[in-house]
Amino acid sequence: MRYCIIALMASGKIGDDGFEPRSMFAEPKTFATVGSTPAPRPGVAASNAQYRAAVLQHVAATAVREQLRHRGTNQKDFFAKLSHIRGLSVGRVGRLLRGEQLATLEDIALWFEHLPEGLDRFSAYVAKWDETTKLMIKRQRQELQEQFESERVQGR
């Protein structure tokens with residue numbers, strides 16, 4: 001069940017255009033340093049797919065950093081022990097956790113494989129995101145229904 005939640009993000013890379021996740025935030029330096037959801041940068045809607053992907057990576061990176069602190073270690077020492085695993089080099093993980101580079105599903109799955117306690121925070125966010133999305137879809141359906149009814153009445 002836990003790993004199924006990760007699959008909600010996307011298949012493979014979140015995006016192929018190479019955007020920098022933290023650049024989607026009004027304050028890029030808040031990436032993985034605050035527990036709340038950073039606001040989108042001006043001109044980027046909260047419903048923007050790249051912004052939402054950046055938020056998911058932010059939440060995952062924040063959970064990883066919290067778990068490292070909880071274990072009394074830092075990312076350099078922790079991931080140095082795992083650098084034999086493809087994709088977990090210290091430098092690359094650092095760029096991902098700072099939001100300088102786009103994480104893949106494999107990256108996030110590997111993080112939570114080695115820091116499974118962090119998955120609870122990530123899962124809670126995805127569940128909240130799912131509820132928000134359902135509400136947004138419901139509102140859109142209602143608006144379309146109202147528009148349809150209005151056009152039907154005007155057509156009589």
# chains A, B, ... in the order shown; residues from 1 in each chain; ligands from 1

call {"tool": "residues_around", "arguments": {"residues": "region 32-40 of chain A", "least_positions_apart": "6", "cutoff": "7 Å", "atoms": "only C-alpha atoms", "output": "number ranges by chain"}}
result
A: 24-26, 46, 51, 55, 58-59, 61-62, 97-98

call {"tool": "write_last_selection", "arguments": {"atoms": "N, CA and C atoms", "output": "compact mmCIF listing (two decimals), in the first residue's frame"}}
result
# COMPACT_ATOMS: atom_id res chain seq x y z
N MET A 24 9.75 26.58 -8.80
CA MET A 24 8.29 26.72 -8.87
C MET A 24 7.74 27.45 -7.65
N PHE A 25 8.57 27.64 -6.63
CA PHE A 25 8.12 28.25 -5.38
C PHE A 25 8.43 29.75 -5.35
N ALA A 26 7.56 30.50 -4.68
CA ALA A 26 7.78 31.94 -4.52
C ALA A 26 9.11 32.20 -3.81
N ALA A 46 -1.61 27.13 -8.47
CA ALA A 46 -1.44 26.00 -7.54
C ALA A 46 -1.84 24.68 -8.21
N TYR A 51 4.26 22.59 -10.56
CA TYR A 51 4.24 23.06 -9.17
C TYR A 51 3.85 21.90 -8.24
N VAL A 55 5.99 20.23 -5.26
CA VAL A 55 5.51 20.10 -3.88
C VAL A 55 5.68 18.66 -3.40
N HIS A 58 9.21 18.18 -2.65
CA HIS A 58 9.50 18.95 -1.43
C HIS A 58 9.08 18.16 -0.19
N VAL A 59 7.87 17.59 -0.22
CA VAL A 59 7.36 16.83 0.93
C VAL A 59 8.24 15.60 1.16
N ALA A 61 11.42 15.18 0.25
CA ALA A 61 12.73 15.62 0.70
C ALA A 61 12.69 16.08 2.16
N THR A 62 11.62 16.76 2.54
CA THR A 62 11.47 17.19 3.92
C THR A 62 11.39 15.98 4.85
N LEU A 97 17.50 16.69 -2.99
CA LEU A 97 16.92 17.13 -1.71
C LEU A 97 16.86 18.65 -1.59
N ARG A 98 17.66 19.35 -2.37
CA ARG A 98 17.60 20.82 -2.39
C ARG A 98 16.63 21.32 -3.47

call {"tool": "select_by_dssp", "arguments": {"residues": "chain A", "states": "alpha helix (DSSP H)", "output": "ChimeraX atom specification"}}
result
/A:2-6,49-70,75-80,90-97,105-114,119-155

call {"tool": "atom_distance", "arguments": {"atom1": "CA of Ala54 (chain A)", "atom2": "CA of Asn74 (chain A)"}}
result
22.6 Å

call {"tool": "residues_around", "arguments": {"residues": "Phe79 (chain A)", "least_positions_apart": "2", "cutoff": "12 Å", "atoms": "only C-alpha atoms", "output": "list in words"}}
result
Val64, Arg65, Leu68, Thr73, Asn74, Gln75, Lys76, Asp77, Lys81, Leu82, Ser83, His84, Ile85, Arg86, Gly87, Leu88, Ser89, Val90, Gly91, Arg92, Val93, Gly94, Leu97, Leu110, Trp111, His114 and Leu115 of chain A

call {"tool": "write_last_selection", "arguments": {"atoms": "C-alpha atoms", "output": "PDB file, in the first residue's frame"}}
result
ATOM      1  CA  VAL A  64      13.987  12.410   4.350  1.00  0.00           C
ATOM      2  CA  ARG A  65      15.720  15.280   6.123  1.00  0.00           C
ATOM      3  CA  LEU A  68      18.059  11.808   9.011  1.00  0.00           C
ATOM      4  CA  THR A  73      23.014  11.634  11.022  1.00  0.00           C
ATOM      5  CA  ASN A  74      23.332  13.892   8.004  1.00  0.00           C
ATOM      6  CA  GLN A  75      22.621  13.267   4.350  1.00  0.00           C
ATOM      7  CA  LYS A  76      26.295  13.135   3.358  1.00  0.00           C
ATOM      8  CA  ASP A  77      27.167  10.400   5.868  1.00  0.00           C
ATOM      9  CA  LYS A  81      27.056   4.379   2.869  1.00  0.00           C
ATOM     10  CA  LEU A  82      24.531   3.810   0.063  1.00  0.00           C
ATOM     11  CA  SER A  83      26.531   5.307  -2.805  1.00  0.00           C
ATOM     12  CA  HIS A  84      27.038   1.850  -4.310  1.00  0.00           C
ATOM     13  CA  ILE A  85      23.343   1.917  -5.249  1.00  0.00           C
ATOM     14  CA  ARG A  86      22.714   3.495  -8.643  1.00  0.00           C
ATOM     15  CA  GLY A  87      21.186   6.961  -8.209  1.00  0.00           C
ATOM     16  CA  LEU A  88      22.149   7.414  -4.559  1.00  0.00           C
ATOM     17  CA  SER A  89      25.449   9.243  -4.950  1.00  0.00           C
ATOM     18  CA  VAL A  90      25.916  11.916  -2.306  1.00  0.00           C
ATOM     19  CA  GLY A  91      26.111  14.762  -4.829  1.00  0.00           C
ATOM     20  CA  ARG A  92      23.027  13.736  -6.790  1.00  0.00           C
ATOM     21  CA  VAL A  93      20.931  13.112  -3.685  1.00  0.00           C
ATOM     22  CA  GLY A  94      21.985  16.518  -2.366  1.00  0.00           C
ATOM     23  CA  LEU A  97      16.919  17.130  -1.712  1.00  0.00           C
ATOM     24  CA  LEU A 110      14.832   4.376  -2.842  1.00  0.00           C
ATOM     25  CA  TRP A 111      14.697   7.156  -0.230  1.00  0.00           C
ATOM     26  CA  HIS A 114      16.090   3.210   3.308  1.00  0.00           C
ATOM     27  CA  LEU A 115      14.131   5.698   5.440  1.00  0.00           C
TER      28      LEU A 115
END

call {"tool": "atom_distance", "arguments": {"atom1": "CA of Arg41 (chain A)", "atom2": "CA of Trp129 (chain A)"}}
result
19.2 Å

call {"tool": "closest_residue", "arguments": {"among": "A:Gln57, A:Ser23, A:Ser47, A:Ser123", "to": "Asp107 (chain A)", "atoms": "only C-alpha atoms"}}
result
A:Gln57

call {"tool": "closest_residue", "arguments": {"among": "A:Val153, A:Ala63, A:Ala80, A:Leu56", "to": "Ala127 (chain A)", "atoms": "only C-alpha atoms"}}
result
A:Leu56

call {"tool": "closest_residue", "arguments": {"among": "A:Val44, A:Gly118, A:Ala53, A:Gln154", "to": "Gly99 (chain A)", "atoms": "only C-alpha atoms"}}
result
A:Ala53

call {"tool": "atom_distance", "arguments": {"atom1": "CA of Glu100 (chain A)", "atom2": "CA of Glu20 (chain A)"}}
result
5.3 Å

call {"tool": "closest_residue", "arguments": {"among": "A:Glu117, A:Gln101, A:Ile137, A:Phe31", "to": "Arg71 (chain A)", "atoms": "only C-alpha atoms"}}
result
A:Glu117

call {"tool": "closest_residue", "arguments": {"among": "A:Arg152, A:Arg22, A:Arg69, A:Lys134", "to": "Gln50 (chain A)", "atoms": "only C-alpha atoms"}}
result
A:Arg22

call {"tool": "select_by_dssp", "arguments": {"residues": "chain A", "states": "strand (DSSP E or B)", "output": "list in words"}}
result
Lys13, Phe25, Pro40 and Thr104 of chain A

call {"tool": "write_last_selection", "arguments": {"atoms": "N, CA and C atoms", "output": "PDB file, in the first residue's frame"}}
result
ATOM      1  N   LYS A  13       9.903   9.814 -14.915  1.00  0.00           N
ATOM      2  CA  LYS A  13      10.231  11.177 -14.513  1.00  0.00           C
ATOM      3  C   LYS A  13       8.972  11.994 -14.364  1.00  0.00           C
ATOM      4  N   PHE A  25       8.566  27.644  -6.625  1.00  0.00           N
ATOM      5  CA  PHE A  25       8.120  28.255  -5.375  1.00  0.00           C
ATOM      6  C   PHE A  25       8.427  29.745  -5.347  1.00  0.00           C
ATOM      7  N   PRO A  40       3.267  28.922  -4.604  1.00  0.00           N
ATOM      8  CA  PRO A  40       3.837  28.943  -5.958  1.00  0.00           C
ATOM      9  C   PRO A  40       4.398  30.324  -6.283  1.00  0.00           C
ATOM     10  N   THR A 104      13.054  11.288  -9.667  1.00  0.00           N
ATOM     11  CA  THR A 104      12.234  10.299 -10.355  1.00  0.00           C
ATOM     12  C   THR A 104      11.500   9.476  -9.298  1.00  0.00           C
TER      13      THR A 104
END

call {"tool": "closest_residue", "arguments": {"among": "A:Ser150, A:Gln140, A:Gln67, A:Asn48", "to": "Asp120 (chain A)", "atoms": "only C-alpha atoms"}}
result
A:Gln67

call {"tool": "decode", "arguments": {"residues": "region 52-138 of chain A", "atoms": "C-alpha atoms", "output": "short mmCIF file (atom, residue, chain, number, x, y, z; two decimals), in the first residue's frame"}}
result
data_model
loop_
_atom_site.label_atom_id
_atom_site.label_comp_id
_atom_site.auth_asym_id
_atom_site.auth_seq_id
_atom_site.Cartn_x
_atom_site.Cartn_y
_atom_site.Cartn_z
CA ARG A 52 2.37 20.05 -7.78
CA ALA A 53 5.25 17.74 -8.71
CA ALA A 54 7.67 20.15 -7.02
CA VAL A 55 5.51 20.10 -3.88
CA LEU A 56 5.52 16.29 -3.85
CA GLN A 57 9.31 16.26 -4.13
CA HIS A 58 9.50 18.95 -1.43
CA VAL A 59 7.36 16.83 0.93
CA ALA A 60 9.46 13.72 0.23
CA ALA A 61 12.73 15.62 0.70
CA THR A 62 11.47 17.19 3.92
CA ALA A 63 10.53 13.74 5.24
CA VAL A 64 13.99 12.41 4.35
CA ARG A 65 15.72 15.28 6.12
CA GLU A 66 13.52 14.84 9.20
CA GLN A 67 14.34 11.14 9.36
CA LEU A 68 18.06 11.81 9.01
CA ARG A 69 17.87 14.28 11.92
CA HIS A 70 15.85 11.77 13.94
CA ARG A 71 18.55 9.15 13.33
CA GLY A 72 21.25 11.62 14.37
CA THR A 73 23.01 11.63 11.02
CA ASN A 74 23.33 13.89 8.00
CA GLN A 75 22.62 13.27 4.35
CA LYS A 76 26.30 13.14 3.36
CA ASP A 77 27.17 10.40 5.87
CA PHE A 78 23.94 8.46 5.38
CA PHE A 79 24.00 8.42 1.58
CA ALA A 80 27.78 7.82 1.41
CA LYS A 81 27.06 4.38 2.87
CA LEU A 82 24.53 3.81 0.06
CA SER A 83 26.53 5.31 -2.80
CA HIS A 84 27.04 1.85 -4.31
CA ILE A 85 23.34 1.92 -5.25
CA ARG A 86 22.71 3.49 -8.64
CA GLY A 87 21.19 6.96 -8.21
CA LEU A 88 22.15 7.41 -4.56
CA SER A 89 25.45 9.24 -4.95
CA VAL A 90 25.92 11.92 -2.31
CA GLY A 91 26.11 14.76 -4.83
CA ARG A 92 23.03 13.74 -6.79
CA VAL A 93 20.93 13.11 -3.69
CA GLY A 94 21.99 16.52 -2.37
CA ARG A 95 20.77 18.22 -5.57
CA LEU A 96 17.49 16.31 -5.38
CA LEU A 97 16.92 17.13 -1.71
CA ARG A 98 17.60 20.82 -2.39
CA GLY A 99 15.18 20.79 -5.34
CA GLU A 100 17.89 21.69 -7.85
CA GLN A 101 17.17 18.59 -9.88
CA LEU A 102 14.00 16.67 -10.63
CA ALA A 103 13.54 13.43 -8.68
CA THR A 104 12.23 10.30 -10.35
CA LEU A 105 9.89 7.77 -8.83
CA GLU A 106 12.88 5.48 -8.45
CA ASP A 107 14.67 8.16 -6.39
CA ILE A 108 11.75 8.60 -4.03
CA ALA A 109 11.16 4.85 -3.75
CA LEU A 110 14.83 4.38 -2.84
CA TRP A 111 14.70 7.16 -0.23
CA PHE A 112 11.75 5.55 1.50
CA GLU A 113 13.17 2.06 1.15
CA HIS A 114 16.09 3.21 3.31
CA LEU A 115 14.13 5.70 5.44
CA PRO A 116 10.67 4.08 5.61
CA GLU A 117 9.54 6.18 8.57
CA GLY A 118 9.41 9.20 6.26
CA LEU A 119 6.81 7.58 4.07
CA ASP A 120 4.09 8.24 6.65
CA ARG A 121 4.46 12.01 6.20
CA PHE A 122 4.54 11.66 2.43
CA SER A 123 1.50 9.37 2.40
CA ALA A 124 -0.46 11.78 4.59
CA TYR A 125 0.27 14.61 2.15
CA VAL A 126 -0.75 12.52 -0.86
CA ALA A 127 -4.00 11.54 0.89
CA LYS A 128 -4.72 15.23 1.55
CA TRP A 129 -3.82 16.07 -2.03
CA ASP A 130 -6.17 13.35 -3.25
CA GLU A 131 -9.04 14.83 -1.21
CA THR A 132 -8.29 18.33 -2.50
CA THR A 133 -8.25 17.04 -6.07
CA LYS A 134 -11.59 15.30 -5.57
CA LEU A 135 -13.12 18.53 -4.25
CA MET A 136 -11.70 20.47 -7.19
CA ILE A 137 -13.15 17.96 -9.67
CA LYS A 138 -16.52 18.08 -7.91
#
